[in-house]
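Listing of run19.txt; format and content: compact mmCIF, C-alpha atoms.
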```
# COMPACT_ATOMS: atom_id res chain seq x y z
CA MET Y 15 -7.09 0.28 -9.60
CA SER Y 16 -9.24 1.92 -6.95
CA PHE Y 17 -8.56 1.43 -3.25
CA ARG Y 18 -11.71 -0.17 -1.82
CA ALA Y 19 -12.36 -0.15 1.91
CA THR Y 20 -15.28 -2.04 3.41
CA VAL Y 21 -15.94 -0.89 6.97
CA LEU Y 22 -17.88 -3.15 9.33
CA THR Y 23 -19.47 -0.97 11.99
CA LEU Y 24 -22.50 -0.52 14.21
CA TYR Y 25 -22.64 3.12 13.09
CA PRO Y 26 -22.40 3.27 9.28
CA GLU Y 27 -23.63 6.88 9.37
CA MET Y 28 -20.20 7.88 10.69
CA PHE Y 29 -18.70 7.30 7.23
CA PRO Y 30 -17.26 8.94 5.22
CA GLY Y 31 -17.29 11.66 7.89
CA HIS Y 32 -14.48 14.16 7.40
CA LEU Y 33 -13.20 12.06 4.50
CA GLY Y 34 -16.01 13.50 2.39
CA VAL Y 35 -14.21 16.84 2.08
CA SER Y 36 -10.82 18.20 0.99
CA LEU Y 37 -8.25 15.86 -0.61
CA ALA Y 38 -9.97 12.65 0.48
CA GLY Y 39 -13.37 13.95 -0.63
CA ARG Y 40 -12.07 14.68 -4.11
CA ALA Y 41 -10.41 11.26 -4.23
CA LEU Y 42 -13.75 9.63 -3.39
CA GLU Y 43 -15.54 11.71 -6.03
CA ARG Y 44 -13.00 10.69 -8.69
CA GLY Y 45 -13.21 7.05 -7.69
CA ASP Y 46 -9.58 6.83 -6.59
CA ALA Y 47 -10.92 5.33 -3.37
CA GLN Y 48 -14.18 3.81 -2.21
CA ILE Y 49 -15.53 3.53 1.33
CA GLU Y 50 -18.37 1.05 1.86
CA PRO Y 51 -19.81 1.09 5.39
CA VAL Y 52 -21.70 -2.09 6.33
CA ASN Y 53 -23.88 -2.42 9.42
CA ILE Y 54 -22.82 -5.37 11.57
CA ARG Y 55 -26.29 -5.49 13.08
CA ASP Y 56 -27.72 -6.56 9.70
CA PHE Y 57 -26.15 -9.97 10.30
CA ALA Y 58 -27.76 -10.63 13.69
CA THR Y 59 -30.24 -13.51 13.63
CA ASP Y 60 -32.52 -12.91 16.64
CA LYS Y 61 -35.50 -10.61 16.79
CA HIS Y 62 -33.61 -8.10 18.90
CA ARG Y 63 -30.74 -7.96 16.36
CA SER Y 64 -28.27 -8.66 19.16
CA VAL Y 65 -24.58 -8.23 18.33
CA ASP Y 66 -23.00 -8.60 21.79
CA ASP Y 67 -23.12 -10.73 24.91
CA THR Y 68 -21.62 -10.81 28.40
CA PRO Y 69 -17.92 -11.77 28.68
CA ALA Y 70 -17.10 -15.37 29.52
CA GLY Y 71 -15.67 -15.54 33.02
CA GLY Y 72 -17.54 -12.44 34.11
CA GLY Y 73 -16.52 -8.83 34.19
CA ALA Y 74 -17.78 -5.46 33.05
CA GLY Y 75 -19.04 -4.58 29.60
CA MET Y 76 -20.07 -6.65 26.61
CA VAL Y 77 -18.22 -8.49 23.83
CA LEU Y 78 -19.07 -8.57 20.13
CA LYS Y 79 -20.41 -12.01 19.22
CA PRO Y 80 -18.17 -14.11 16.96
CA ASP Y 81 -20.96 -15.70 14.92
CA VAL Y 82 -22.53 -12.36 13.96
CA LEU Y 83 -19.21 -10.75 13.13
CA ALA Y 84 -18.06 -13.82 11.17
CA ALA Y 85 -21.20 -13.67 9.04
CA ALA Y 86 -20.56 -9.99 8.34
CA ILE Y 87 -16.92 -10.56 7.37
CA ASP Y 88 -17.77 -13.54 5.18
CA ALA Y 89 -20.45 -11.55 3.37
CA VAL Y 90 -18.12 -8.70 2.39
CA SER Y 91 -14.89 -10.66 1.94
CA LEU Y 92 -15.67 -13.50 -0.45
CA GLU Y 93 -13.27 -16.20 -1.56
CA GLY Y 94 -10.48 -14.66 -3.61
CA ASP Y 95 -10.68 -11.28 -1.86
CA THR Y 96 -7.03 -10.45 -1.21
CA ARG Y 97 -7.69 -7.38 0.92
CA PRO Y 98 -6.23 -7.54 4.45
CA ARG Y 99 -8.71 -7.77 7.31
CA LEU Y 100 -8.00 -5.15 9.94
CA LEU Y 101 -9.39 -4.73 13.44
CA MET Y 102 -9.05 -1.31 15.01
CA SER Y 103 -7.99 -2.12 18.56
CA PRO Y 104 -6.04 -0.34 21.35
CA ARG Y 105 -4.06 -3.55 21.87
CA GLY Y 106 -2.98 -3.77 18.24
CA ARG Y 107 0.38 -2.92 16.73
CA PRO Y 108 0.86 0.83 16.31
CA LEU Y 109 -0.05 2.16 12.89
CA THR Y 110 3.07 3.36 11.09
CA GLN Y 111 3.66 5.33 7.92
CA GLN Y 112 5.27 2.22 6.45
CA ARG Y 113 2.07 0.20 7.03
CA VAL Y 114 0.04 3.08 5.58
CA ARG Y 115 2.17 2.96 2.42
CA GLU Y 116 1.78 -0.81 2.19
CA LEU Y 117 -2.00 -0.56 2.44
CA ALA Y 118 -2.10 2.22 -0.16
CA GLU Y 119 -0.24 0.00 -2.61
CA GLY Y 120 -2.84 -2.76 -2.25
CA PRO Y 121 -6.44 -3.23 -3.39
CA GLY Y 122 -8.00 -1.95 -0.16
CA ALA Y 123 -8.98 -3.39 3.21
CA VAL Y 124 -11.81 -4.85 5.23
CA ILE Y 125 -11.89 -2.85 8.46
CA VAL Y 126 -13.69 -4.05 11.57
CA CYS Y 127 -14.65 -1.36 14.08
CA GLY Y 128 -14.75 -2.80 17.57
CA ARG Y 129 -17.18 -1.66 20.25
CA PHE Y 130 -17.87 -2.42 23.89
CA GLU Y 131 -15.08 -4.45 25.58
CA GLY Y 132 -13.83 -5.86 22.31
CA VAL Y 133 -14.16 -8.80 19.92
CA ASP Y 134 -14.25 -12.51 20.71
CA GLN Y 135 -10.67 -13.82 20.38
CA ARG Y 136 -11.83 -16.88 18.45
CA LEU Y 137 -13.18 -14.63 15.69
CA ILE Y 138 -9.89 -12.68 15.53
CA GLU Y 139 -8.00 -15.94 15.04
CA ALA Y 140 -10.50 -17.64 12.73
CA ARG Y 141 -10.73 -14.70 10.33
CA GLU Y 142 -7.06 -13.72 10.71
CA LEU Y 143 -7.70 -10.13 11.72
CA GLU Y 144 -4.70 -7.82 11.91
CA GLU Y 145 -5.12 -5.68 15.03
CA ILE Y 146 -4.04 -2.06 14.53
CA SER Y 147 -3.83 0.72 17.12
CA ILE Y 148 -3.62 4.45 16.45
CA GLY Y 149 -2.25 5.30 19.89
CA ASP Y 150 -1.95 4.45 23.55
CA TYR Y 151 -5.44 5.49 24.56
CA VAL Y 152 -8.96 4.06 24.40
CA LEU Y 153 -11.80 5.39 22.25
CA SER Y 154 -15.51 4.64 22.51
CA GLY Y 155 -15.26 2.57 19.35
CA GLY Y 156 -13.15 1.74 16.35
CA GLU Y 157 -14.84 4.16 13.98
CA PRO Y 158 -12.67 7.24 14.68
CA ALA Y 159 -9.58 5.04 14.42
CA ALA Y 160 -10.77 3.65 11.08
CA LEU Y 161 -11.33 7.18 9.78
CA ILE Y 162 -7.81 8.15 10.78
CA LEU Y 163 -6.33 5.08 9.11
CA LEU Y 164 -8.29 5.74 5.92
CA ASP Y 165 -7.29 9.42 5.95
CA ALA Y 166 -3.62 8.43 6.13
CA VAL Y 167 -3.98 5.87 3.35
CA ILE Y 168 -6.10 7.86 0.90
CA ARG Y 169 -3.85 10.92 0.96
CA VAL Y 170 -0.87 8.89 -0.29
CA LEU Y 171 -2.74 7.16 -3.12
CA PRO Y 172 -1.34 8.08 -6.55
CA GLY Y 173 -2.67 11.40 -7.79
CA VAL Y 174 -4.42 12.43 -4.56
CA MET Y 175 -1.85 15.02 -3.49
CA GLY Y 176 -1.25 17.70 -6.11
CA ASN Y 177 2.52 17.66 -5.64
CA ALA Y 178 3.82 14.10 -5.93
CA SER Y 179 6.73 14.90 -3.60
CA SER Y 180 4.52 16.35 -0.85
CA GLY Y 181 4.14 13.04 0.92
CA THR Y 182 7.81 12.11 0.88
CA HIS Y 183 9.14 14.96 3.04
CA GLU Y 184 6.88 14.58 6.07
CA SER Y 185 7.20 13.28 9.60
CA PHE Y 186 7.88 9.51 9.75
CA GLU Y 187 8.56 9.17 6.01
CA THR Y 188 12.31 9.39 6.66
CA GLY Y 189 12.26 7.89 10.16
CA MET Y 190 12.36 11.33 11.77
CA LEU Y 191 9.99 14.18 12.57
CA GLU Y 192 9.59 16.90 9.96
CA HIS Y 193 11.55 20.13 10.12
CA PRO Y 194 9.84 23.48 10.98
CA HIS Y 195 8.10 25.48 8.23
CA TYR Y 196 7.93 29.25 7.60
CA THR Y 197 6.26 31.59 5.10
CA ARG Y 198 5.72 35.33 4.58
CA PRO Y 199 5.68 37.85 6.18
CA GLN Y 200 9.43 37.94 6.76
CA VAL Y 201 8.89 39.28 10.28
CA PHE Y 202 5.99 38.15 12.48
CA GLU Y 203 5.69 39.62 15.99
CA ASP Y 204 9.45 40.34 16.07
CA ARG Y 205 10.25 36.78 14.94
CA GLU Y 206 12.12 36.47 11.63
CA ILE Y 207 12.29 33.63 9.15
CA PRO Y 208 15.68 31.91 9.61
CA ALA Y 209 18.09 33.59 7.23
CA VAL Y 210 19.24 30.33 5.66
CA LEU Y 211 15.76 29.74 4.22
CA THR Y 212 15.89 32.96 2.21
CA SER Y 213 19.54 32.63 1.21
CA GLY Y 214 18.92 30.80 -2.05
CA ASN Y 215 21.58 28.26 -1.08
CA HIS Y 216 19.69 25.01 -1.55
CA LYS Y 217 22.48 22.84 -0.17
CA ALA Y 218 22.57 24.91 3.02
CA ILE Y 219 18.77 24.81 3.22
CA ASP Y 220 18.72 21.01 2.93
CA GLU Y 221 21.40 20.70 5.59
CA TRP Y 222 19.50 23.06 7.93
CA ARG Y 223 16.27 21.11 7.47
CA GLN Y 224 18.03 17.81 8.12
CA ALA Y 225 19.64 19.18 11.28
CA GLN Y 226 16.32 20.58 12.51
CA SER Y 227 14.57 17.26 11.88
CA LEU Y 228 17.24 15.42 13.81
CA GLU Y 229 17.10 17.85 16.75
CA LEU Y 230 13.30 17.74 16.96
CA THR Y 231 13.31 13.96 16.83
CA ARG Y 232 15.94 13.75 19.57
CA LYS Y 233 13.87 16.01 21.83
CA ARG Y 234 10.37 14.71 21.14
CA ARG Y 235 10.66 11.15 19.80
CA PRO Y 236 14.03 9.65 20.70
CA ASP Y 237 12.44 6.21 20.25
CA LEU Y 238 12.43 6.82 16.48
CA LEU Y 239 16.21 7.14 16.52
CA ASP Y 240 16.86 4.28 18.95
CA PRO Y 241 13.95 1.81 19.12
CA GLU Y 242 15.80 -0.14 21.83
CA ALA Y 243 16.01 2.91 24.14
```

Represent the structure contained in this file as structure tokens.
Amino acid sequence: MSFRATVLTLYPEMFPGHLGVSLAGRALERGDAQIEPVNIRDFATDKHRSVDDTPAGGGAGMVLKPDVLAAAIDAVSLEGDTRPRLLMSPRGRPLTQQRVRELAEGPGAVIVCGRFEGVDQRLIEARELEEISIGDYVLSGGEPAALILLDAVIRVLPGVMGNASSGTHESFETGMLEHPHYTRPQVFEDREIPAVLTSGNHKAIDEWRQAQSLELTRKRRPDLLDPEA
């Protein structure tokens, strides 16, 4: 079964973007995944093809209109479509590797790319959009965030990575950051590869990598080890 992503956006030309090359590009060529960008503006009903309006209660910026966005969602997500509906939003729950894995195991997703000040809350509730954030910062729109989400999902689809174990020994897959990596030459600018890695002792190597992962996580992301901290 192919992973099918329908992306609702004001800038369909931004897709597939970087996903058209490398691992993701080959996955798209094989049909392992599909990305279908749909222009939200096609569902506007006035002569100006308006998709936004001023925020109720006043304030800066504009808000995506619920009626236009609802029509777009309903057109691409018909009755019986089991794909989750996602809204890329800085106020959403942080995207995790666990959620990436869950999405990759499903049929795909309908992804709404926000713009301006955001999306009418009534639309979010009425169409049961799951708000997802890729970090504690604000972008000019949801498109780059959608590309990042899709990159993370497509790479873990079955058969996309050449080595099936490649995706299981990375940062966040085990709840910790990944250990450091080294390759030849043995000495680079007076820095040597740690001796344990060339010892041939696989038990010692595994223990070293585990210890390095733990130390890096303690220093850089202690929240991964103690979410309550």

Using all atoms listed in the file, which protein or nucleic acid residues come within 10 Å of Asp134 (chain Y)? Drop anything in the same chain fewer than 2 positions from it, and give the result as a compact mmCIF listing (two decimals) with C-alpha atoms, keeping the file's coordinate frame.
```
# COMPACT_ATOMS: atom_id res chain seq x y z
CA ASP Y 66 -23.00 -8.60 21.79
CA ASP Y 67 -23.12 -10.73 24.91
CA PRO Y 69 -17.92 -11.77 28.68
CA ALA Y 70 -17.10 -15.37 29.52
CA VAL Y 77 -18.22 -8.49 23.83
CA LEU Y 78 -19.07 -8.57 20.13
CA LYS Y 79 -20.41 -12.01 19.22
CA PRO Y 80 -18.17 -14.11 16.96
CA ASP Y 81 -20.96 -15.70 14.92
CA LEU Y 83 -19.21 -10.75 13.13
CA GLU Y 131 -15.08 -4.45 25.58
CA GLY Y 132 -13.83 -5.86 22.31
CA ARG Y 136 -11.83 -16.88 18.45
CA LEU Y 137 -13.18 -14.63 15.69
CA ILE Y 138 -9.89 -12.68 15.53
CA GLU Y 139 -8.00 -15.94 15.04
```

Exercise for the section: Name the residues, using the chain letters and numbers of the file, that sit within 12 Å of (-8.4, 2.5, 24.2) when counting all atoms listed in the file, and give them as a PyMOL selection string. Expected result: chain Y and resi 102-106+128-132+146-156+158-159

Problem - CA of Glu242 (chain Y) to CA of Gln226 (chain Y), straight-line distance in Å - result: 22.7 Å

Exercise for the section: Pick out the residues sitting within 10 Å of region 185-190 of chain Y, and hand them over as a ChimeraX atom specification; count only C-alpha atoms, and ignore anything fewer than 4 positions along from it in its own chain. Expected result: /Y:110-112,115,181,224,227-232,235-239

Handout entry: Which residue of Y:Glu145, Y:Asp220, Y:Asp165, Y:Glu192 approaches Gly39 (chain Y) most closely, using all atoms listed in the file
Key = Y:Asp165

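For the pair CA of Leu171 (chain Y) and CA of Pro241 (chain Y), the separation is 28.3 Å.
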
Problem - Top pick for closest residue to Glu27 (chain Y), considering Y:Ser91, Y:Gln135, Y:Asn53, Y:Thr96 and counting all atoms listed in the file - result: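 The answer is Y:Asn53, which sits nearest to Glu27 (chain Y).
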
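We find CA of Ala218 (chain Y) and CA of Pro199 (chain Y) to be spaced 21.5 Å apart.
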
Problem - Among the residues Y:Glu116, Y:Glu144, Y:Glu203, Y:Asp95, the one that comes closest to Ile168 (chain Y) [using all atoms listed in the file] - result: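 That would be Y:Glu116, the residue with the smallest distance to Ile168 (chain Y).
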
Practice task
Between Y:Leu117, Y:Ala86, Y:Leu100, Y:Ile207, single out the one closest to His195 (chain Y), counting only C-alpha atoms.
Solution key: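 Closest candidate: Y:Ile207.
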
Please list as a PDB file with C-alpha atoms, in the coordinates of the input every residue within 10 Å of Gln200 (chain Y), counting all atoms listed in the file and excluding residues in the same chain fewer than 6 positions away.
```pdb
ATOM      1  CA  GLU Y 206      12.120  36.470  11.630  1.00  0.00           C
ATOM      2  CA  ILE Y 207      12.290  33.630   9.150  1.00  0.00           C
ATOM      3  CA  PRO Y 208      15.680  31.910   9.610  1.00  0.00           C
ATOM      4  CA  ALA Y 209      18.090  33.590   7.230  1.00  0.00           C
ATOM      5  CA  THR Y 212      15.890  32.960   2.210  1.00  0.00           C
TER       6      THR Y 212
END
```

Exercise for the section: Select, from Y:Gly72, Y:Gly122, Y:Gly31, Y:Gly173, the residue with the minimum atom-to-atom distance to Gln48 (chain Y), counting only C-alpha atoms. Expected result: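 Checking each of Y:Gly72, Y:Gly122, Y:Gly31, Y:Gly173 against Gln48 (chain Y), counting only C-alpha atoms, the winner is Y:Gly122.
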
Practice task
Considering all atoms listed in the file, state which residue in the set Y:Gly34, Y:Gly45, Y:Pro194, Y:Gly71 is at the smallest distance from Ala225 (chain Y).
Solution key: Y:Pro194
